[in-house]
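Okay, target08.txt is below, compact mmCIF, C-alpha atoms:
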# COMPACT_ATOMS: atom_id res chain seq x y z
CA MET Y 183 0.42 -12.55 -9.18
CA ASP Y 184 -2.64 -13.77 -7.27
CA ILE Y 185 -4.14 -10.51 -6.00
CA ARG Y 186 -6.68 -12.13 -3.69
CA ARG Y 187 -4.01 -14.11 -1.88
CA ASN Y 188 -1.57 -11.20 -1.68
CA LEU Y 189 -4.03 -8.38 -0.99
CA PRO Y 190 -3.76 -8.61 2.84
CA LEU Y 191 0.04 -8.38 2.53
CA LEU Y 192 -0.20 -5.44 0.13
CA MET Y 193 -2.53 -3.69 2.57
CA THR Y 194 -0.08 -4.36 5.42
CA ILE Y 195 2.78 -2.91 3.37
CA CYS Y 196 0.79 0.22 2.48
CA PHE Y 197 -0.39 0.68 6.06
CA LEU Y 198 3.11 0.41 7.53
CA SER Y 199 4.78 2.62 4.92
CA GLN Y 200 2.06 5.28 5.07
CA MET Y 201 2.07 5.25 8.87
CA GLY Y 202 5.82 5.70 8.82
CA GLY Y 203 5.60 8.59 6.39
CA PHE Y 204 3.01 10.40 8.49
CA MET Y 205 4.95 9.69 11.68
CA ILE Y 206 7.87 11.78 10.47
CA LEU Y 207 5.85 14.35 8.51
CA PRO Y 208 5.16 16.68 11.47
CA LEU Y 209 8.50 15.97 13.18
CA PHE Y 210 11.02 16.31 10.35
CA PRO Y 211 11.18 20.14 10.35
CA LEU Y 212 11.65 20.16 14.15
CA PHE Y 213 14.25 17.40 13.94
CA ILE Y 214 16.56 19.05 11.42
CA GLU Y 215 16.05 22.44 13.11
CA GLU Y 216 17.96 21.02 16.10
CA PHE Y 217 21.13 20.99 13.99
CA GLY Y 218 21.07 24.74 13.44
CA LEU Y 219 20.49 24.65 9.69
CA SER Y 220 19.55 27.87 7.97
CA GLY Y 221 16.09 28.40 6.57
CA TRP Y 222 17.48 28.17 3.03
CA MET Y 223 19.10 24.80 3.76
CA MET Y 224 15.94 23.48 5.36
CA GLY Y 225 13.90 24.59 2.36
CA GLY Y 226 16.31 22.87 0.02
CA ILE Y 227 16.13 19.61 2.00
CA PHE Y 228 12.32 19.72 1.92
CA ALA Y 229 12.34 20.37 -1.84
CA LEU Y 230 14.65 17.42 -2.56
CA PHE Y 231 11.97 15.05 -1.33
CA TYR Y 232 9.61 16.25 -4.06
CA VAL Y 233 12.39 16.21 -6.63
CA GLY Y 234 12.87 12.55 -5.78
CA LYS Y 235 9.14 11.95 -6.19
CA VAL Y 236 9.18 13.61 -9.61
CA ILE Y 237 12.06 11.53 -11.00
CA GLY Y 238 11.17 8.29 -9.22
CA GLY Y 239 8.14 7.13 -11.20
CA VAL Y 240 9.72 6.08 -14.50
CA PRO Y 241 12.66 4.16 -12.93
CA ALA Y 242 10.22 2.42 -10.58
CA ALA Y 243 8.11 1.29 -13.53
CA ALA Y 244 11.24 -0.09 -15.24
CA ILE Y 245 12.26 -1.93 -12.06
CA TYR Y 246 8.75 -3.36 -11.77
CA ARG Y 247 8.87 -4.70 -15.33
CA LYS Y 248 12.39 -6.07 -14.86
CA LEU Y 249 12.19 -7.61 -11.38
CA GLY Y 250 8.46 -8.15 -10.89
CA GLY Y 251 6.16 -6.72 -8.24
CA LYS Y 252 7.46 -8.64 -5.24
CA ASN Y 253 11.14 -7.85 -5.75
CA ALA Y 254 10.39 -4.23 -6.67
CA LEU Y 255 8.45 -3.80 -3.43
CA ILE Y 256 11.28 -5.30 -1.37
CA LEU Y 257 13.80 -2.97 -3.02
CA MET Y 258 11.69 0.16 -2.41
CA LEU Y 259 11.00 -0.76 1.21
CA ILE Y 260 14.67 -1.49 1.95
CA LEU Y 261 15.54 1.89 0.46
CA LEU Y 262 12.96 3.54 2.72
CA ALA Y 263 14.34 1.73 5.76
CA VAL Y 264 17.86 2.92 4.94
CA CYS Y 265 16.61 6.50 4.61
CA MET Y 266 14.73 6.46 7.92
CA GLY Y 267 17.60 4.87 9.80
CA GLY Y 268 19.98 7.34 8.16
CA PHE Y 269 17.92 10.30 9.35
CA ALA Y 270 18.20 9.11 12.95
CA PHE Y 271 22.02 9.09 12.83
CA SER Y 272 22.70 12.03 10.49
CA SER Y 273 23.80 15.52 11.34
CA ALA Y 274 25.14 16.91 8.03
CA ALA Y 275 22.93 18.90 5.68
CA VAL Y 276 24.34 17.15 2.60
CA LEU Y 277 23.47 13.72 3.98
CA PHE Y 278 20.01 14.91 4.99
CA GLY Y 279 19.45 16.14 1.45
CA LEU Y 280 20.64 12.89 -0.13
CA LEU Y 281 18.47 10.77 2.15
CA ARG Y 282 15.48 13.03 1.52
CA LEU Y 283 15.96 12.64 -2.24
CA LEU Y 284 16.11 8.85 -1.92
CA GLN Y 285 13.04 8.91 0.31
CA GLY Y 286 11.11 10.68 -2.45
CA LEU Y 287 12.31 8.12 -5.01
CA ALA Y 288 11.20 5.22 -2.83
CA SER Y 289 7.88 6.86 -1.92
CA THR Y 290 6.86 7.34 -5.55
CA GLY Y 291 8.26 3.91 -6.37
CA LEU Y 292 5.96 2.27 -3.85
CA THR Y 293 2.94 4.03 -5.31
CA VAL Y 294 3.82 2.98 -8.86
CA VAL Y 295 4.56 -0.64 -7.94
CA VAL Y 296 1.49 -1.17 -5.75
CA ARG Y 297 -0.93 0.42 -8.22
CA SER Y 298 0.69 -1.51 -11.10
CA ILE Y 299 0.28 -4.79 -9.20
CA ILE Y 300 -3.42 -4.02 -8.73
CA GLY Y 301 -3.80 -2.95 -12.36
CA ASP Y 302 -2.09 -6.05 -13.75
CA GLY Y 303 -3.60 -8.56 -11.34
CA GLY Y 304 -7.12 -7.18 -11.24
CA ASN Y 305 -9.70 -6.69 -13.94
CA VAL Y 306 -12.49 -4.32 -14.83
CA ASP Y 307 -14.80 -6.02 -12.33
CA ASN Y 308 -12.60 -5.66 -9.23
CA ARG Y 309 -9.88 -3.03 -9.70
CA GLY Y 310 -11.95 -0.38 -7.95
CA LEU Y 311 -12.51 -2.59 -4.92
CA TYR Y 312 -8.86 -3.61 -4.66
CA ASN Y 313 -7.68 -0.01 -5.02
CA GLY Y 314 -10.22 0.85 -2.33
CA TYR Y 315 -8.64 -1.59 0.10
CA ILE Y 316 -5.23 -0.04 -0.62
CA SER Y 317 -6.54 3.49 -0.04
CA SER Y 318 -8.22 2.32 3.16
CA SER Y 319 -5.00 0.85 4.53
CA GLU Y 320 -3.16 4.06 3.66
CA GLY Y 321 -5.86 6.03 5.45
CA GLY Y 322 -5.30 3.93 8.55
CA GLY Y 323 -1.62 4.81 8.44
CA MET Y 324 -2.46 8.50 8.08
CA VAL Y 325 -4.56 8.32 11.24
CA LEU Y 326 -2.13 6.44 13.49
CA GLY Y 327 1.17 7.89 12.29
CA PRO Y 328 0.94 11.43 13.72
CA VAL Y 329 -0.63 10.15 16.96
CA ILE Y 330 2.23 7.71 17.63
CA SER Y 331 5.01 10.13 16.71
CA GLY Y 332 3.43 12.94 18.73
CA TRP Y 333 3.33 10.76 21.84
CA LEU Y 334 6.91 9.56 21.31
CA ALA Y 335 8.14 13.13 20.84
CA LEU Y 336 6.79 14.05 24.27
CA HIS Y 337 8.80 11.35 26.06
CA TRP Y 338 11.79 10.52 23.85
CA PRO Y 339 14.36 12.30 21.67
CA LEU Y 340 13.15 13.20 18.17
CA SER Y 341 15.42 10.54 16.64
CA VAL Y 342 13.38 7.72 18.24
CA PRO Y 343 10.35 8.03 15.91
CA PHE Y 344 12.70 7.69 12.93
CA LEU Y 345 14.07 4.45 14.35
CA LEU Y 346 10.52 3.17 14.85
CA VAL Y 347 9.70 4.02 11.24
CA THR Y 348 12.79 2.04 10.20
CA VAL Y 349 11.38 -0.96 12.07
CA CYS Y 350 8.02 -0.46 10.33
CA CYS Y 351 9.72 -0.48 6.93
CA LEU Y 352 11.59 -3.69 7.79
CA MET Y 353 8.32 -5.28 8.90
CA ALA Y 354 6.89 -4.30 5.52
CA VAL Y 355 9.88 -5.98 3.85
CA VAL Y 356 9.01 -9.20 5.67
CA ALA Y 357 5.41 -8.87 4.46
CA ALA Y 358 6.62 -8.39 0.88
CA MET Y 359 8.80 -11.48 1.14
CA GLY Y 360 5.71 -13.48 2.04
CA MET Y 361 3.90 -12.59 -1.19
CA LYS Y 362 3.23 -15.45 -3.58
CA THR Y 363 4.12 -15.01 -7.24
CA THR Y 364 2.93 -16.92 -10.27
CA ALA Y 365 4.33 -17.38 -13.72
CA PRO Y 366 3.54 -14.31 -15.85
CA ALA Y 367 0.92 -14.69 -18.50
CA ARG Y 368 0.15 -11.75 -20.72
CA ALA Y 369 -2.46 -12.99 -23.12
CA THR Y 370 -4.00 -15.76 -21.06
CA HIS Y 371 -5.33 -15.46 -17.53
CA GLU Y 372 -7.54 -17.48 -15.25
CA SER Y 373 -10.69 -15.84 -16.55
CA GLY Y 374 -9.85 -16.39 -20.22
CA SER Y 375 -7.94 -15.00 -23.16
CA THR Y 376 -8.49 -11.68 -24.81
CA LEU Y 377 -7.07 -12.54 -28.24
CA ILE Y 378 -7.51 -16.30 -28.47
CA ASP Y 379 -11.28 -15.95 -28.13
CA HIS Y 380 -11.45 -14.98 -31.82
CA LEU Y 381 -9.66 -18.16 -32.83
CA ILE Y 382 -11.87 -20.28 -30.61
CA GLU Y 383 -14.97 -18.81 -32.18
CA ASP Y 384 -13.56 -19.19 -35.70
CA PRO Y 385 -10.57 -21.48 -36.34
CA SER Y 386 -10.01 -19.87 -39.75
CA ALA Y 387 -9.44 -16.48 -38.21
CA THR Y 388 -6.03 -14.91 -38.44
CA VAL Y 389 -4.51 -12.66 -35.82
CA ARG Y 390 -1.93 -10.07 -36.71
CA GLN Y 391 -0.19 -8.50 -33.72
CA GLU Y 392 1.87 -5.38 -34.21
CA PRO Y 393 5.17 -5.23 -32.22
CA LEU Y 394 5.27 -3.05 -29.17
CA ASP Y 395 7.08 0.22 -29.68
CA ASN Y 396 8.24 0.49 -26.09
CA LEU Y 397 6.54 3.85 -25.79
CA THR Y 398 8.89 5.50 -28.27
CA ASN Y 399 6.13 6.67 -30.59
CA SER Y 400 3.19 6.49 -28.21
CA VAL Y 401 2.42 5.76 -24.63
CA LEU Y 402 -0.14 3.04 -25.19
CA SER Y 403 0.39 -0.05 -27.31
CA THR Y 404 -2.43 -1.85 -29.07
CA ASP Y 405 -2.87 -5.03 -31.03
CA GLU Y 406 -4.64 -5.11 -34.35
CA VAL Y 407 -6.83 -8.13 -34.66
CA VAL Y 408 -8.02 -9.05 -38.14
CA VAL Y 409 -10.57 -11.80 -38.35
CA ASP Y 410 -11.31 -13.36 -41.76
CA SER Y 411 -14.20 -15.73 -41.47
CA THR Y 412 -17.17 -17.18 -43.25
CA THR Y 413 -20.27 -16.62 -41.20
CA SER Y 414 -23.47 -18.59 -41.05
CA ASP Y 415 -25.22 -15.66 -42.76
CA SER Y 416 -23.39 -16.40 -46.03
CA HIS Y 417 -21.03 -13.47 -45.88
CA PRO Y 418 -17.76 -15.00 -47.04
CA ASN Y 419 -14.41 -13.30 -46.57
CA THR Y 420 -15.82 -10.87 -44.07
CA THR Y 421 -13.01 -8.85 -42.52
CA VAL Y 422 -13.36 -7.31 -39.10
CA SER Y 423 -10.63 -4.95 -37.96
CA THR Y 424 -10.55 -3.67 -34.41
CA GLU Y 425 -7.95 -2.45 -31.95
CA LEU Y 426 -7.73 -4.31 -28.68
CA PRO Y 427 -5.21 -3.80 -25.89
CA LEU Y 428 -3.89 -6.87 -24.17
CA SER Y 429 -6.01 -6.97 -21.05
CA SER Y 430 -6.01 -8.85 -17.81
CA SER Y 431 -9.21 -10.77 -18.40
CA ARG Y 432 -11.98 -11.51 -20.85
CA SER Y 433 -14.15 -8.90 -19.15
CA ASP Y 434 -11.39 -6.34 -19.78
CA ALA Y 435 -11.45 -7.15 -23.47
CA LYS Y 436 -15.24 -6.89 -23.66
CA HIS Y 437 -15.13 -3.60 -21.74
CA THR Y 438 -12.60 -2.19 -24.20
CA GLN Y 439 -14.60 -3.43 -27.19
CA ASP Y 440 -17.76 -1.81 -25.85
CA LEU Y 441 -16.07 1.58 -25.59
CA SER Y 442 -15.95 3.65 -28.73
CA THR Y 443 -12.84 5.47 -27.61
CA ARG Y 444 -12.22 8.53 -29.72
CA LEU Y 445 -9.23 9.63 -27.67
CA THR Y 446 -5.82 9.13 -29.24
CA GLN Y 447 -3.10 7.48 -27.19
CA ARG Y 448 -1.31 10.79 -26.72
CA GLN Y 449 -4.53 12.47 -25.61
CA GLN Y 450 -5.12 9.75 -23.03
CA LEU Y 451 -1.75 10.26 -21.37
CA LEU Y 452 -2.13 14.04 -21.53
CA GLY Y 453 -5.59 13.84 -19.98
CA TYR Y 454 -4.64 11.43 -17.19
CA GLY Y 455 -1.46 13.36 -16.46
CA THR Y 456 -3.24 16.72 -16.37
CA VAL Y 457 -5.95 15.49 -14.01
CA HIS Y 458 -3.50 13.92 -11.56
CA PHE Y 459 -1.20 16.95 -11.79
CA LEU Y 460 -4.08 19.21 -10.76
CA GLU Y 461 -5.21 16.87 -7.97
CA MET Y 462 -1.71 16.58 -6.50
CA SER Y 463 -1.23 20.34 -6.82
CA ALA Y 464 -4.40 20.98 -4.83
CA TYR Y 465 -3.42 18.36 -2.25
CA ALA Y 466 0.05 19.90 -1.80
CA VAL Y 467 -1.47 23.35 -1.24
CA PHE Y 468 -3.82 21.90 1.36
CA LEU Y 469 -1.07 20.04 3.23
CA THR Y 470 1.26 23.03 3.17
CA TYR Y 471 -1.10 25.83 4.12
CA PHE Y 472 -4.09 24.45 6.01
CA ALA Y 473 -2.27 24.50 9.36
CA LEU Y 474 -1.31 28.15 8.78
CA TYR Y 475 -4.86 29.01 7.74
CA ALA Y 476 -6.28 27.26 10.81
CA ALA Y 477 -3.89 29.10 13.13
CA HIS Y 478 -4.04 32.61 11.67
CA ILE Y 479 -7.51 32.83 10.15
CA MET Y 480 -9.61 30.40 12.21
CA HIS Y 481 -7.48 30.87 15.38
CA TRP Y 482 -7.31 27.13 16.10
CA ASP Y 483 -4.79 25.49 18.40
CA PRO Y 484 -2.48 22.73 17.08
CA PHE Y 485 -4.55 19.95 18.63
CA ALA Y 486 -7.71 21.05 16.82
CA THR Y 487 -5.78 21.24 13.56
CA SER Y 488 -4.32 17.75 14.03
CA LEU Y 489 -7.77 16.43 14.80
CA ALA Y 490 -8.99 17.76 11.43
CA PHE Y 491 -6.37 15.65 9.63
CA THR Y 492 -7.35 12.66 11.77
CA VAL Y 493 -11.03 13.04 10.84
CA SER Y 494 -10.11 13.13 7.16
CA GLY Y 495 -7.95 10.02 7.52
CA ILE Y 496 -10.68 8.10 9.35
CA SER Y 497 -13.16 9.05 6.64
CA THR Y 498 -10.86 7.73 3.90
CA LEU Y 499 -10.17 4.58 5.91
CA ALA Y 500 -13.87 3.80 6.28
CA ALA Y 501 -15.10 4.87 2.85
CA ALA Y 502 -12.44 3.56 0.47
CA PRO Y 503 -13.53 -0.12 0.19
CA PHE Y 504 -17.19 0.84 -0.31
CA VAL Y 505 -16.29 3.48 -2.88
CA GLY Y 506 -14.08 0.98 -4.69
CA TYR Y 507 -16.92 -1.55 -4.80
CA LEU Y 508 -19.26 1.14 -6.13
CA SER Y 509 -16.71 2.01 -8.80
CA ASP Y 510 -16.69 -1.59 -10.02
CA ARG Y 511 -20.46 -1.92 -10.01
CA LEU Y 512 -21.21 1.49 -11.52
CA GLY Y 513 -18.59 1.11 -14.23
CA ASP Y 514 -18.34 4.89 -14.79
CA ARG Y 515 -15.07 5.48 -12.98
CA LEU Y 516 -14.47 8.98 -14.36
CA LEU Y 517 -17.83 10.07 -12.94
CA LEU Y 518 -16.69 8.93 -9.49
CA CYS Y 519 -13.38 10.75 -9.99
CA MET Y 520 -15.32 13.93 -10.72
CA LEU Y 521 -17.53 13.34 -7.69
CA GLY Y 522 -14.43 12.87 -5.54
CA MET Y 523 -12.91 16.17 -6.65
CA PHE Y 524 -16.28 17.89 -6.07
CA LEU Y 525 -16.42 16.57 -2.50
CA ILE Y 526 -12.85 17.76 -1.90
CA GLY Y 527 -13.98 21.18 -3.15
CA ILE Y 528 -16.82 21.13 -0.60
CA GLU Y 529 -14.25 20.45 2.13
CA VAL Y 530 -12.28 23.56 1.13
CA ALA Y 531 -15.39 25.70 0.72
CA VAL Y 532 -16.57 24.76 4.23
CA PHE Y 533 -13.47 25.94 6.09
CA LEU Y 534 -13.34 29.06 3.92
CA SER Y 535 -16.89 29.82 5.06
CA THR Y 536 -16.72 29.09 8.79
CA SER Y 537 -14.31 28.51 11.64
CA SER Y 538 -16.76 26.32 13.55
CA HIS Y 539 -14.98 23.17 14.66
CA LEU Y 540 -18.02 21.01 14.05
CA TRP Y 541 -18.68 22.21 10.52
CA VAL Y 542 -15.03 22.09 9.51
CA TYR Y 543 -14.78 18.51 10.80
CA VAL Y 544 -17.89 17.63 8.80
CA GLY Y 545 -16.18 19.16 5.78
CA MET Y 546 -13.08 17.08 6.45
CA LEU Y 547 -15.27 14.01 6.68
CA ILE Y 548 -16.73 14.79 3.26
CA GLY Y 549 -13.29 15.52 1.82
CA GLY Y 550 -11.97 12.19 3.06
CA VAL Y 551 -14.72 10.41 1.13
CA GLY Y 552 -13.85 12.54 -1.89
CA GLY Y 553 -10.21 11.51 -1.71
CA ALA Y 554 -11.23 7.86 -1.63
CA CYS Y 555 -13.56 8.35 -4.63
CA TYR Y 556 -10.80 9.94 -6.67
CA MET Y 557 -7.88 7.65 -5.86
CA ASP Y 558 -9.82 4.38 -6.10
CA SER Y 559 -11.47 5.20 -9.41
CA PHE Y 560 -8.56 7.02 -11.08
CA PHE Y 561 -6.05 4.18 -10.88
CA ALA Y 562 -8.75 1.58 -11.58
CA HIS Y 563 -9.71 3.51 -14.72
CA ILE Y 564 -6.10 3.51 -15.91
CA GLY Y 565 -5.91 -0.22 -15.27
CA ASP Y 566 -9.04 -0.74 -17.38
CA HIS Y 567 -7.84 1.22 -20.40
CA ILE Y 568 -4.10 0.65 -20.62
CA PRO Y 569 -2.69 -2.70 -21.79
CA ASP Y 570 -0.48 -4.83 -19.57
CA GLU Y 571 2.77 -4.07 -21.39
CA SER Y 572 2.38 -0.31 -20.97
CA ARG Y 573 0.50 -0.03 -17.69
CA SER Y 574 3.32 0.27 -15.17
CA SER Y 575 5.25 2.66 -17.41
CA VAL Y 576 2.24 4.92 -17.92
CA ILE Y 577 1.44 4.93 -14.20
CA GLY Y 578 5.06 5.82 -13.48
CA LYS Y 579 4.99 8.74 -15.90
CA ILE Y 580 1.66 10.02 -14.58
CA VAL Y 581 2.74 9.83 -10.94
CA SER Y 582 6.08 11.51 -11.63
CA ALA Y 583 4.55 14.30 -13.71
CA ALA Y 584 1.90 14.91 -11.06
CA GLU Y 585 4.55 15.39 -8.38
CA ILE Y 586 5.77 18.44 -10.30
CA GLY Y 587 2.52 19.98 -9.13
CA SER Y 588 3.54 19.27 -5.54
CA ILE Y 589 6.56 21.50 -6.11
CA VAL Y 590 5.04 24.25 -8.23
CA SER Y 591 1.66 24.79 -6.57
CA PRO Y 592 2.98 25.64 -3.06
CA LEU Y 593 5.30 28.20 -4.68
CA VAL Y 594 2.39 29.77 -6.54
CA ALA Y 595 0.40 29.71 -3.31
CA ALA Y 596 3.26 31.41 -1.48
CA LEU Y 597 3.25 34.20 -4.07
CA LEU Y 598 -0.51 34.58 -3.66
CA MET Y 599 -0.09 34.78 0.10
CA GLU Y 600 2.50 37.55 -0.32
CA VAL Y 601 0.37 39.68 -2.63
CA GLY Y 602 -2.98 38.68 -1.16
CA SER Y 603 -3.81 36.54 1.86
CA LEU Y 604 -4.16 32.98 3.05
CA TYR Y 605 -7.75 33.14 1.84
CA SER Y 606 -6.56 33.66 -1.73
CA VAL Y 607 -4.38 30.55 -1.40
CA PHE Y 608 -7.43 28.35 -0.99
CA VAL Y 609 -9.36 30.17 -3.69
CA PHE Y 610 -6.49 29.06 -5.91
CA ASN Y 611 -6.98 25.58 -4.49
CA LEU Y 612 -10.63 25.63 -5.54
CA VAL Y 613 -9.65 26.77 -9.04
CA LEU Y 614 -7.30 23.77 -9.37
CA ILE Y 615 -10.11 21.43 -8.30
CA ALA Y 616 -12.59 23.02 -10.73
CA VAL Y 617 -10.19 22.71 -13.68
CA ALA Y 618 -9.55 19.06 -12.80
CA ILE Y 619 -13.31 18.38 -12.88
CA VAL Y 620 -13.62 20.09 -16.27
CA VAL Y 621 -10.77 18.05 -17.76
CA GLN Y 622 -12.31 14.82 -16.44
CA ALA Y 623 -15.71 15.81 -17.86
CA ALA Y 624 -14.13 16.37 -21.26
CA MET Y 625 -12.42 12.97 -21.13
CA ARG Y 626 -15.60 11.27 -20.01
CA SER Y 627 -17.54 12.73 -22.92
CA ARG Y 628 -15.03 11.10 -25.28
CA TYR Y 629 -15.36 7.76 -23.49
CA LYS Y 630 -19.11 7.57 -24.03
CA THR Y 631 -20.23 4.13 -25.04
CA ARG Y 632 -21.67 3.78 -28.53
CA ARG Y 633 -23.60 0.55 -28.63
CA VAL Y 634 -24.94 -0.78 -31.89
How does the structure come out when it is put into structure tokens?
Amino acid sequence: MDIRRNLPLLMTICFLSQMGGFMILPLFPLFIEEFGLSGWMMGGIFALFYVGKVIGGVPAAAIYRKLGGKNALILMLILLAVCMGGFAFSSAAVLFGLLRLLQGLASTGLTVVVRSIIGDGGNVDNRGLYNGYISSSEGGGMVLGPVISGWLALHWPLSVPFLLVTVCCLMAVVAAMGMKTTAPARATHESGSTLIDHLIEDPSATVRQEPLDNLTNSVLSTDEVVVDSTTSDSHPNTTVSTELPLSSSRSDAKHTQDLSTRLTQRQQLLGYGTVHFLEMSAYAVFLTYFALYAAHIMHWDPFATSLAFTVSGISTLAAAPFVGYLSDRLGDRLLLCMLGMFLIGIEVAVFLSTSSHLWVYVGMLIGGVGGACYMDSFFAHIGDHIPDESRSSVIGKIVSAAEIGSIVSPLVAALLMEVGSLYSVFVFNLVLIAVAIVVQAAMRSRYKTRRV
């Protein structure tokens, strides 16, 4: 798939879907409360969304590999449209729960498909930038969504925003239909071939490629390239054995060759999964409890709290493309991931230290940049180090596993609030961020380049 040609459409899809999600985020509890559901039922309906997000990653990766990026996007967006339209006309708790579960499946599916498209279509020189554009478009949706739904809720029934979100999803479907696809090519791309280069340089070279194990024994698959050649330095029958993943471009292959990666395949998945689990856990705690903290500890009104989210969204919208470009030029994506988590930690530390509107908004501004640093560089890093055949599956597993944190961390935070206070909830948040930085630092130390 030609990423440059399709990037504006991908950005449109992400903007519309993210705007729709944030349009219903503040209204959904009020909407289902109108039907007289008990607190237990409402809690169960909320939880089903995250259950769907947990189990949605792996099936989405399989659909992506089977149908391709364009068709997978269309399927996920149609499913989202059905869910949003269903919410507007539903009144039964069981149907709400089913639709909420499907919404979670489709939400995670969109993340997996979009990031896989960028990973497969980009290369080590531009994945950060392209992921930055995606994060920027999502940030735009985060800014506009709550504003639009809040205005609609003042003048129309609460079902109307859900119908508008349905229209947004259908518009995104049209955008996905306009994407141009190309014939798949795994080993050869416009910029060159990762394996054939050895044969071009030495026609007598032999290439032995091990069959893919479909992730049954390991998450990442590699090819063993054995080159037998006679060099100009009179070293006959010299054998060079190296492991190279199938990459999206010649620069990907060179990047992988330059890295003396001492992480095993299992360690890579464990490391990526742990980092994203911690990040999503911290994010879920923030989304769940910041409004309560602002109201009860800082004594803010709802408008001031909403404005804090808006500032963060604007910051992400503006910073993401520049951060993505920096990620490509710097090359040390894990360092930018660590910087992103550090900036998010500053955001939390600021509102724990003061209730001043100005300073908290400055903190939110910094945190928005941090979110862009993390998301752009994290998925670009995965794209750099995981071969084409495994990439979508690994992304699916990482995203699904991380969503478990979105379920568990708010429950742990609730327990901390019961035995302590809302302040202790965000101390826990800072601990999650600190551990994520430590794990990334450990991974980065193993990715150090050893140049001969």
Set the distance at 9 Å and use all atoms listed in the file: which residues neighbour Y:Leu534 once local chain neighbours fewer than 3 positions away are removed? I'd like the list as a short mmCIF file (atom, residue, chain, number, x, y, z; two decimals) with C-alpha atoms, in the coordinates of the input.
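Contents of selection-v5.cif, freshly written:
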data_model
loop_
_atom_site.label_atom_id
_atom_site.label_comp_id
_atom_site.auth_asym_id
_atom_site.auth_seq_id
_atom_site.Cartn_x
_atom_site.Cartn_y
_atom_site.Cartn_z
CA GLU Y 529 -14.25 20.45 2.13
CA VAL Y 530 -12.28 23.56 1.13
CA ALA Y 531 -15.39 25.70 0.72
CA SER Y 537 -14.31 28.51 11.64
CA TYR Y 605 -7.75 33.14 1.84
CA PHE Y 608 -7.43 28.35 -0.99
CA VAL Y 609 -9.36 30.17 -3.69
#
Item to complete: Compare Y:Val544, Y:Ala501, Y:Val467, Y:Leu334 by their minimum atom-to-atom distance to Y:Val347, counting all atoms listed in the file, and give me the closest one.
Response: Y:Leu334
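Among Y:Ser272, Y:Asn308, Y:Thr194, Y:Thr536, the residue with the shortest atom-to-atom distance to Y:Met361, counting only C-alpha atoms, is Y:Thr194.
Minimum atom-to-atom distances from Y:Gly327, Y:Gly226, Y:Pro592, Y:Gly578 to Y:Ile206 were compared using only C-alpha atoms, and the lowest value belongs to Y:Gly327.
Residues in contact with Y:Leu597 at 10 Å, where all atoms listed in the file are counted and same-chain residues fewer than 6 positions away are skipped, are listed as Ser591, Ser603 and Val607 of chain Y.
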Worksheet item: Which distance in Å separates atom CA of Y:Tyr475 and atom CA of Y:Ser331, to one decimal?
Response: 23.1 Å
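Using all atoms listed in the file, the nearest neighbour of Y:Phe344 within the list Y:Leu547, Y:Val594, Y:Ile330, Y:Leu525 is Y:Ile330.
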Worksheet item: What residues have an atom no more than 9 Å from (0.2, -8.9, -7.5) in the file's own frame, counting all atoms listed in the file, and can you write them as a ChimeraX atom specification?
Response: /Y:183-189,192,250-252,296,298-304,361-364
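Distances here use all atoms listed in the file; by that measure, the residue among Y:Ala243, Y:Gly291, Y:Ala464, Y:Ser341 closest to Y:Ile214 is Y:Ser341.
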Provide an axis-aligned box for all listed atoms of stretch 198-206 of chain Y, padding each side by 5 Å; report its centre and its edge lengths in Å to one decimal, as AutoDock Vina command-line options.
--center_x 5.0 --center_y 6.1 --center_z 8.3 --size_x 15.8 --size_y 21.4 --size_z 16.8
Discussion item. With all atoms listed in the file as the counted atoms, please give the residues lying no more than 10 Å from Y:Gly279, apart from itself and same-chain residues fewer than 3 positions off, as a ChimeraX atom specification.
Written reply: /Y:223-224,226-231,269,274-276,282-285
Practice prompt. Step by step: start from the point (-8.5, 3.2, -11.3) in the file's coordinates, keep every protein, DNA or RNA residue that has an atom no farther than 10 Å from it, count all atoms listed in the file, and write the set as a PyMOL selection string.
Written response: chain Y and resi 297+300-301+306+308-314+506+509-510+515-516+519+555-567
Worksheet entry | Å distance separating atom CA of Y:Ala288 from atom CA of Y:Ser199, one decimal place | 10.4 Å
Fill in: For Y:Gly587: contacts at 12 Å, only C-alpha atoms, fewer than 2 positions along chain excluded, given as a VMD selection string
chain Y and resid 232 to 233 235 to 236 455 to 467 580 to 585 589 to 595 611 614
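Across the structure, atom CA of Y:Ala490 and atom CA of Y:Tyr543 are spaced 5.9 Å apart.
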Worksheet item: Restricting the calculation to all atoms listed in the file, which member of Y:Ala358, Y:Val240, Y:Ala477, Y:Met266 is positioned closest to Y:Phe210?
Response: Y:Met266
